[in-house]
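K.L.:
Here you go, one structure.
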Amino acid sequence: MPHDALADVSTAAMQERGGSRGTPRAVPALTVVSHPVPRRVGERLLLDAVVAGRTLALSRNAPDFAKPGSSLGLPLADPFVSRKPLELSALAAGGVRLTVPEDGTHVVAAGVPLQGARDFGPAELLDGVALELSGRVVLLLHTVELDGEGSADTPGMVGESAGLRRLRKHIERVADLDVSVLIRGETGTGKELVAQAIHRLSPRREGRFVSVNLGAIPKELAAAELFGSKKGAYSGATQDREGFFRAAHGGTLFLDEVGEAPPEVQVMLLRVLETGELYPVGASQPVKVDVRLIAATDAHLEEQIRDGRFKAPLLHRLAGYDLRVPALRERREDVGRLFFHFAREELAALGEATRLDSEDPHAEPWLPAPLASRLVRAAWPGNIRQLRNLTRQLVIGSRGQTRLQLDPQLEEALGSAAGAGTAPMPQGAQAAAGAPVAPESREAAVPRRKPSQVTEAELLAALRASAWDLKATADALGIPRPSVYDLIERSPNLRTAGDLGADEITRCFEACGGDLDAMVRTLEVSKRALGRRLKELGLTAKAP
């Protein structure tokens, strides 16, 4: 049977995705996203009373909101929020009912004015629902995980979401160990910030932190840039080059976009990780280096291994400890704090830092409530980097104004990041149920979601509806493609092509007459991966 390259990858390196842990206690909560007094942003109210079956009354004067971890809090205290309370109560299915009284506070939920009662199910709470109160205060109604609290003072890491707290805890666990770390996450999530935090908390903190983006180095120069070179080793090498590894001696080397490493560089990286020695280009003697390597990627390296584009032993070495940085859409309760954090930096550069020091509850909010609601509901495909850039443009574009204003260009930019607070049934599940989906509305019909929201039944329905095309399945479910691989690997009832034995594939090949599409329907695995297995076994699929 052909050797599976992934068999070389240590499962111990996948603890962030596959480890078994106790289930955290989850409760609904309200988090302040925007407030006329900016320092109130990030305060939270846990709805324990609702969980206990009681009705919670929310008004101008009660109850108190507090910073996470603090026992001291204050009511919303906005004079334009009514004293007549909104009521929040539990639903039998685990959601929350919000009731707005007549002549009470004007409420807009996820961009839609709310009158009377509205039920929010568990899936909506997981994604988060933006509530605008009286056009001034914005709250996020969402689910909070209370277990797994991590350090709140990791430098540069703003927020209190469960995903960020878990990440802080993993940073603390691995920082003082001299093992290599692989940081995974989408583009713009802050992977380099995580690497810097690990370095600052490590015994190597006094050494250099050298950051290298492998995707920005021409492939023909990558080896010389990383490992150094001798004078005359190649055309244009007019002097010895130190290389990034030796520049980081005694410290930390951060390799971003490690999936872009050329094959020959992958071999050299593996040698350095295994022996602590490197050969500069053109040198005949090895050089000892003392470097901690932290790598990062937004690619699915396991898929690259299956495609022959990345070496499994190198992944094994890189992933001495495996971290995942959550996407911004998975930590919506942090959006308000992040926005004001970046805004303070930009205002300080403009000499206007005092603009966010207001303590006047009657003041007009600097961040308009409808804009704050749009920010927290956006999908943010560019993650924190995109939020920071948009914040900078908003602040600079609104200089001299009493409140932030969107110009047409920023309106378009925010529109491109638009998501939805509440989602219809995913397209793949609709197709499986026989519901028609208009092709031109597919993008709009599928908002981004947390992979944790996808049930196994929903995943299987989407896979079948998409003929086991994993990219189409990811699009249908509104999750990143790598998350589909992770969900399949976690499921005890789903298989990959690599799990199939040669005998089973051969029998199915004969029964289906070599029809690859029929085999995919029978075996229920990826067509692309099954095609590779057929080639490994010397079987040729029938031409379509």
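If you're wondering about the labels, chains in the structure tokens are A, B, ... by order shown, residues count from 1 in each chain, ligands from 1 in order shown.
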List as a ChimeraX atom specification the protein and nucleic acid residues near Leu182 of chain A, meaning an atom at most 7 Å away when only C-alpha atoms are counted, but skip any in the same chain fewer than 2 places from it.
P.N.:
/A:180,184,294-296,318-319,321-323
K.L.:
Deliver the residues from the most recent selection as a file, using N, CA, C and O atoms, as an mmCIF file, in the first residue's frame.
P.N.:
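Output (again.cif):
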data_model
loop_
_atom_site.group_PDB
_atom_site.id
_atom_site.type_symbol
_atom_site.label_atom_id
_atom_site.label_comp_id
_atom_site.auth_asym_id
_atom_site.auth_seq_id
_atom_site.Cartn_x
_atom_site.Cartn_y
_atom_site.Cartn_z
ATOM 1 N N SER A 180 9.982 24.586 18.483
ATOM 2 C CA SER A 180 9.470 25.342 17.349
ATOM 3 C C SER A 180 7.949 25.424 17.445
ATOM 4 O O SER A 180 7.294 24.566 18.024
ATOM 5 N N ARG A 184 -1.066 29.035 12.855
ATOM 6 C CA ARG A 184 -1.978 28.972 11.716
ATOM 7 C C ARG A 184 -3.060 30.025 11.883
ATOM 8 O O ARG A 184 -3.499 30.324 12.989
ATOM 9 N N ILE A 294 9.899 30.097 14.733
ATOM 10 C CA ILE A 294 8.442 30.200 14.766
ATOM 11 C C ILE A 294 7.981 30.437 13.329
ATOM 12 O O ILE A 294 8.458 31.358 12.669
ATOM 13 N N ALA A 295 7.102 29.588 12.842
ATOM 14 C CA ALA A 295 6.615 29.700 11.477
ATOM 15 C C ALA A 295 5.126 30.009 11.488
ATOM 16 O O ALA A 295 4.421 29.741 12.477
ATOM 17 N N ALA A 296 4.635 30.578 10.400
ATOM 18 C CA ALA A 296 3.210 30.899 10.297
ATOM 19 C C ALA A 296 2.730 30.628 8.884
ATOM 20 O O ALA A 296 3.502 30.697 7.918
ATOM 21 N N LEU A 318 8.271 21.631 12.225
ATOM 22 C CA LEU A 318 7.795 22.998 12.456
ATOM 23 C C LEU A 318 6.739 23.029 13.552
ATOM 24 O O LEU A 318 6.697 23.945 14.368
ATOM 25 N N ALA A 319 5.869 22.025 13.558
ATOM 26 C CA ALA A 319 4.738 22.015 14.483
ATOM 27 C C ALA A 319 5.096 21.336 15.786
ATOM 28 O O ALA A 319 4.402 20.433 16.250
ATOM 29 N N TYR A 321 4.761 22.796 18.436
ATOM 30 C CA TYR A 321 3.537 23.206 19.107
ATOM 31 C C TYR A 321 2.717 23.975 18.088
ATOM 32 O O TYR A 321 3.232 24.846 17.385
ATOM 33 N N ASP A 322 1.427 23.656 17.990
ATOM 34 C CA ASP A 322 0.565 24.143 16.919
ATOM 35 C C ASP A 322 -0.469 25.093 17.502
ATOM 36 O O ASP A 322 -1.238 24.707 18.379
ATOM 37 N N LEU A 323 -0.470 26.345 17.037
ATOM 38 C CA LEU A 323 -1.421 27.348 17.513
ATOM 39 C C LEU A 323 -2.328 27.786 16.380
ATOM 40 O O LEU A 323 -1.900 27.838 15.221
#
K.L.:
Enumerate, as a ChimeraX atom specification, the complete set of residues in segment 170-361 of chain A that a backbone-based DSSP assignment places in strand (DSSP E).
P.N.:
/A:181-184,209-213,252-256,277-278,287-288,292-297,321-324
K.L.:
Go ahead and write the selection's residues with N, CA, C and O atoms as an mmCIF file, in the first residue's frame.
P.N.:
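Everything below was put into out-v8.cif:
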data_model
loop_
_atom_site.group_PDB
_atom_site.id
_atom_site.type_symbol
_atom_site.label_atom_id
_atom_site.label_comp_id
_atom_site.auth_asym_id
_atom_site.auth_seq_id
_atom_site.Cartn_x
_atom_site.Cartn_y
_atom_site.Cartn_z
ATOM 1 N N VAL A 181 7.392 26.488 16.894
ATOM 2 C CA VAL A 181 5.951 26.735 16.967
ATOM 3 C C VAL A 181 5.435 27.030 15.564
ATOM 4 O O VAL A 181 6.065 27.777 14.807
ATOM 5 N N LEU A 182 4.305 26.435 15.236
ATOM 6 C CA LEU A 182 3.624 26.727 13.967
ATOM 7 C C LEU A 182 2.335 27.466 14.292
ATOM 8 O O LEU A 182 1.483 26.964 15.021
ATOM 9 N N ILE A 183 2.191 28.681 13.746
ATOM 10 C CA ILE A 183 1.014 29.511 13.978
ATOM 11 C C ILE A 183 0.162 29.487 12.720
ATOM 12 O O ILE A 183 0.624 29.874 11.643
ATOM 13 N N ARG A 184 -1.066 29.035 12.855
ATOM 14 C CA ARG A 184 -1.978 28.972 11.716
ATOM 15 C C ARG A 184 -3.060 30.025 11.883
ATOM 16 O O ARG A 184 -3.499 30.324 12.989
ATOM 17 N N PHE A 209 14.658 39.436 17.463
ATOM 18 C CA PHE A 209 13.485 38.852 16.819
ATOM 19 C C PHE A 209 13.558 39.256 15.353
ATOM 20 O O PHE A 209 13.428 40.434 15.016
ATOM 21 N N VAL A 210 13.812 38.296 14.496
ATOM 22 C CA VAL A 210 13.975 38.567 13.067
ATOM 23 C C VAL A 210 12.754 38.020 12.329
ATOM 24 O O VAL A 210 12.429 36.833 12.434
ATOM 25 N N SER A 211 12.073 38.886 11.596
ATOM 26 C CA SER A 211 10.854 38.507 10.889
ATOM 27 C C SER A 211 11.110 38.458 9.391
ATOM 28 O O SER A 211 11.657 39.410 8.807
ATOM 29 N N VAL A 212 10.709 37.340 8.759
ATOM 30 C CA VAL A 212 10.936 37.134 7.327
ATOM 31 C C VAL A 212 9.645 36.641 6.691
ATOM 32 O O VAL A 212 9.025 35.690 7.186
ATOM 33 N N ASN A 213 9.240 37.276 5.609
ATOM 34 C CA ASN A 213 8.079 36.814 4.842
ATOM 35 C C ASN A 213 8.590 36.048 3.628
ATOM 36 O O ASN A 213 9.111 36.636 2.684
ATOM 37 N N THR A 252 15.088 34.680 18.089
ATOM 38 C CA THR A 252 13.955 34.017 17.447
ATOM 39 C C THR A 252 13.871 34.428 15.984
ATOM 40 O O THR A 252 13.982 35.616 15.669
ATOM 41 N N LEU A 253 13.654 33.451 15.114
ATOM 42 C CA LEU A 253 13.439 33.719 13.696
ATOM 43 C C LEU A 253 11.990 33.387 13.379
ATOM 44 O O LEU A 253 11.522 32.267 13.613
ATOM 45 N N PHE A 254 11.271 34.363 12.852
ATOM 46 C CA PHE A 254 9.869 34.188 12.481
ATOM 47 C C PHE A 254 9.760 34.088 10.968
ATOM 48 O O PHE A 254 10.132 35.025 10.253
ATOM 49 N N LEU A 255 9.278 32.942 10.486
ATOM 50 C CA LEU A 255 9.099 32.723 9.047
ATOM 51 C C LEU A 255 7.615 32.758 8.719
ATOM 52 O O LEU A 255 6.877 31.808 9.013
ATOM 53 N N ASP A 256 7.164 33.851 8.121
ATOM 54 C CA ASP A 256 5.770 33.968 7.710
ATOM 55 C C ASP A 256 5.596 33.348 6.323
ATOM 56 O O ASP A 256 6.548 33.295 5.539
ATOM 57 N N GLU A 277 22.495 22.928 12.427
ATOM 58 C CA GLU A 277 23.574 23.355 11.534
ATOM 59 C C GLU A 277 22.999 23.747 10.185
ATOM 60 O O GLU A 277 21.980 23.212 9.737
ATOM 61 N N LEU A 278 23.695 24.677 9.522
ATOM 62 C CA LEU A 278 23.300 25.064 8.170
ATOM 63 C C LEU A 278 24.539 25.201 7.299
ATOM 64 O O LEU A 278 25.658 25.392 7.798
ATOM 65 N N VAL A 287 27.727 25.500 9.626
ATOM 66 C CA VAL A 287 27.802 26.562 10.629
ATOM 67 C C VAL A 287 26.744 26.273 11.696
ATOM 68 O O VAL A 287 25.586 26.017 11.382
ATOM 69 N N LYS A 288 27.153 26.281 12.947
ATOM 70 C CA LYS A 288 26.223 26.054 14.049
ATOM 71 C C LYS A 288 25.393 27.324 14.300
ATOM 72 O O LYS A 288 25.924 28.432 14.304
ATOM 73 N N ARG A 292 15.548 29.881 17.794
ATOM 74 C CA ARG A 292 14.206 29.308 17.945
ATOM 75 C C ARG A 292 13.391 29.711 16.726
ATOM 76 O O ARG A 292 13.303 30.896 16.395
ATOM 77 N N LEU A 293 12.790 28.740 16.084
ATOM 78 C CA LEU A 293 12.041 28.998 14.859
ATOM 79 C C LEU A 293 10.543 29.015 15.153
ATOM 80 O O LEU A 293 9.994 28.093 15.753
ATOM 81 N N ILE A 294 9.899 30.097 14.733
ATOM 82 C CA ILE A 294 8.442 30.200 14.766
ATOM 83 C C ILE A 294 7.981 30.437 13.329
ATOM 84 O O ILE A 294 8.458 31.358 12.669
ATOM 85 N N ALA A 295 7.102 29.588 12.842
ATOM 86 C CA ALA A 295 6.615 29.700 11.477
ATOM 87 C C ALA A 295 5.126 30.009 11.488
ATOM 88 O O ALA A 295 4.421 29.741 12.477
ATOM 89 N N ALA A 296 4.635 30.578 10.400
ATOM 90 C CA ALA A 296 3.210 30.899 10.297
ATOM 91 C C ALA A 296 2.730 30.628 8.884
ATOM 92 O O ALA A 296 3.502 30.697 7.918
ATOM 93 N N THR A 297 1.454 30.320 8.777
ATOM 94 C CA THR A 297 0.885 30.059 7.451
ATOM 95 C C THR A 297 -0.612 30.288 7.475
ATOM 96 O O THR A 297 -1.267 30.106 8.508
ATOM 97 N N TYR A 321 4.761 22.796 18.436
ATOM 98 C CA TYR A 321 3.537 23.206 19.107
ATOM 99 C C TYR A 321 2.717 23.975 18.088
ATOM 100 O O TYR A 321 3.232 24.846 17.385
ATOM 101 N N ASP A 322 1.427 23.656 17.990
ATOM 102 C CA ASP A 322 0.565 24.143 16.919
ATOM 103 C C ASP A 322 -0.469 25.093 17.502
ATOM 104 O O ASP A 322 -1.238 24.707 18.379
ATOM 105 N N LEU A 323 -0.470 26.345 17.037
ATOM 106 C CA LEU A 323 -1.421 27.348 17.513
ATOM 107 C C LEU A 323 -2.328 27.786 16.380
ATOM 108 O O LEU A 323 -1.900 27.838 15.221
ATOM 109 N N ARG A 324 -3.546 28.146 16.713
ATOM 110 C CA ARG A 324 -4.460 28.718 15.724
ATOM 111 C C ARG A 324 -4.925 30.077 16.212
ATOM 112 O O ARG A 324 -5.386 30.224 17.343
#
K.L.:
Can you check which residues of segment 205-414 of chain A DSSP gives as helix (DSSP H, G or I) on the backbone and send them as an MDAnalysis selection string?
P.N.:
chainID A and resid 214:216 219:227 244:247 258:260 263:275 301:306 312:318 328:330 332:349 353:357 369:377 383:397 408:414
K.L.:
Have a look at atom CA of Asp486 of chain A and atom CA of Glu302 of chain A and let me know their distance in Å, one decimal.
P.N.:
10.3 Å
K.L.:
Compare A:Asn383, A:Gln401, A:Ser161, A:Gln285 by their minimum atom-to-atom distance to Glu145 of chain A, counting only C-alpha atoms, and give me the closest one.
P.N.:
A:Ser161
K.L.:
Need the shell around Thr402 of chain A: protein/DNA/RNA residues with any atom at most 9 Å away, counting only C-alpha atoms. Skip same-chain ones fewer than 2 positions apart. Format as a PyMOL selection string?
P.N.:
chain A and resi 364-366+398-400+404
K.L.:
Out of A:Asp515, A:Leu523, A:His35, A:Arg25, which residue has the shortest atom-to-atom distance to Leu539 of chain A when counting only C-alpha atoms?
P.N.:
A:Asp515
